[in-house]
Every structure is written in structure tokens, then in C-alpha cells.
Amino acid sequence: MRENPKYLAILAVVAKIPKGNVSTYGEIAALSGFPRCARLVGTALRSDASGPDTPWHRVVNSQGKLSFPQGSANHNIQKQRLMDEGVVFHTGIINLKQYGWDRDLDKTLWS
DNA sequence: GCACTGACTCCCA
DNA sequence: ATGGGAGCCAGTG
């Protein structure tokens, strides 16, 4: 597990998320080659490598919310880091239309 | 080896 | 718009 290629693929995708942007579990799963396996993404980030260079905080659920209950340590860390990168929380929710990582948008704005 | 759980998502009522 | 249920893959007991 620790060095599971599936996880590496997922982590690799997560690492590709541009700073200041966020992506969803489903998106990550699809991009890493596992459509509909959103849970794997979560598991990968939780148990696996998710080392210091894995920006797991840029991964939120499809509703643009953090996957941790408000008040939990992880929630705070994630929120803090995202705000650090310029992501704005609107009543605890991120506007995916604006910050969601869209590959086309990425091409246009970040290339 | 079976069954439950989980950092999720989608579809239907 | 909101809530409930099923689907998915791996990890863990």
C-alpha cells in the first residue's frame, strides 16, 4: 500500500493542481484513471504517502466544501492553507466555478 | 476470507 | 432544493 502505484497516480494528480486552485475527489479520481473511485482518493491521501509535498488541502468534495467536520484540526489546517493560497471561503464553502481546477481553464490562464 | 467502514459521488423520490 | 440509497475500491478488524 504505501507505495501503491494507484496512490502515486492520485498523488501525482493532486500535485498538479495549480496553486490557488482546488479540485474535487471525483475529478482527481477521474484524472488519475479511476473514475467514480472518489473514496480511493480520500484513502490515498489519508493513509498513504501524503507527504509534505502533497497539497491534499487543494482537494475538496464536489460541493466545494471540506470533507472534515467544521472545527476539526484538519479542517482548520486545510482552510488555512487554502486561504493562504488565495482561495476564498464563502460561508465555509469554496466557489468551485471560480477556484475549481478546470483543465481547459488551466490551459488558458496558467499556460 | 468475510464484512464493515470510509478525506465521495451520482441518481431518484 | 433536499434527503435517502446505491455504487466503487481498498484498508482494516
# chains A, B, ... in the order shown; residues from 1 in each chain; ligands from 1
$ interface_residues --of "chain A" --to "chain B" --cutoff "10 Å" --atoms "only C-alpha atoms (C1' of nucleotides)" --output "ChimeraX atom specification"
/A:24-26,36-47,56-57,59-62,66-68,74
$ interface_residues --of "chain C" --to "chain A" --cutoff "8 Å" --atoms "only C-alpha atoms (C1' of nucleotides)" --output "PDB file with N, CA and C atoms (P, O5', C5', C4', C3', O3' and C1' of nucleotides), in the first residue's frame"
ATOM      1  P    DC C   8     -20.766  -0.408  -9.346  1.00  0.00           P
ATOM      2  O5'  DC C   8     -19.433   0.439  -9.300  1.00  0.00           O
ATOM      3  C5'  DC C   8     -19.243   1.416  -8.303  1.00  0.00           C
ATOM      4  C4'  DC C   8     -17.784   1.833  -8.273  1.00  0.00           C
ATOM      5  C3'  DC C   8     -16.870   0.618  -8.077  1.00  0.00           C
ATOM      6  O3'  DC C   8     -15.617   0.715  -8.723  1.00  0.00           O
ATOM      7  C1'  DC C   8     -16.963   1.951  -6.089  1.00  0.00           C
ATOM      8  P    DC C   9     -14.769  -0.618  -8.796  1.00  0.00           P
ATOM      9  O5'  DC C   9     -13.657  -0.378  -7.657  1.00  0.00           O
ATOM     10  C5'  DC C   9     -12.846   0.759  -7.752  1.00  0.00           C
ATOM     11  C4'  DC C   9     -11.827   0.790  -6.629  1.00  0.00           C
ATOM     12  C3'  DC C   9     -11.138  -0.549  -6.391  1.00  0.00           C
ATOM     13  O3'  DC C   9      -9.772  -0.320  -6.217  1.00  0.00           O
ATOM     14  C1'  DC C   9     -12.197   0.187  -4.386  1.00  0.00           C
ATOM     15  P    DA C  10      -8.783  -1.512  -6.063  1.00  0.00           P
ATOM     16  O5'  DA C  10      -8.082  -1.074  -4.695  1.00  0.00           O
ATOM     17  C5'  DA C  10      -8.894  -0.522  -3.698  1.00  0.00           C
ATOM     18  C4'  DA C  10      -8.085   0.053  -2.574  1.00  0.00           C
ATOM     19  C3'  DA C  10      -7.159  -0.951  -1.897  1.00  0.00           C
ATOM     20  O3'  DA C  10      -6.151  -0.266  -1.170  1.00  0.00           O
ATOM     21  C1'  DA C  10      -9.120  -0.627  -0.595  1.00  0.00           C
TER      22       DA C  10
END
$ select_by_dssp --residues "chain A" --states "helix (DSSP H, G or I)" --output "number ranges by chain"
A: 5-16, 25-31, 38-47, 56-58, 73-84, 96-99, 103-110
$ select_by_dssp --residues "chain A" --states "strand (DSSP E or B)" --output "number ranges by chain"
A: 22-24, 59-60, 89-90, 93-94, 100
$ closest_residue --among "A:Gly20, A:Gly100, A:Pro69, A:Gly64" --to "A:Asp84" --atoms "only C-alpha atoms"
A:Gly20
$ atom_distance --atom1 "atom CA of A:Leu96" --atom2 "atom CA of A:Glu27"
11.9 Å
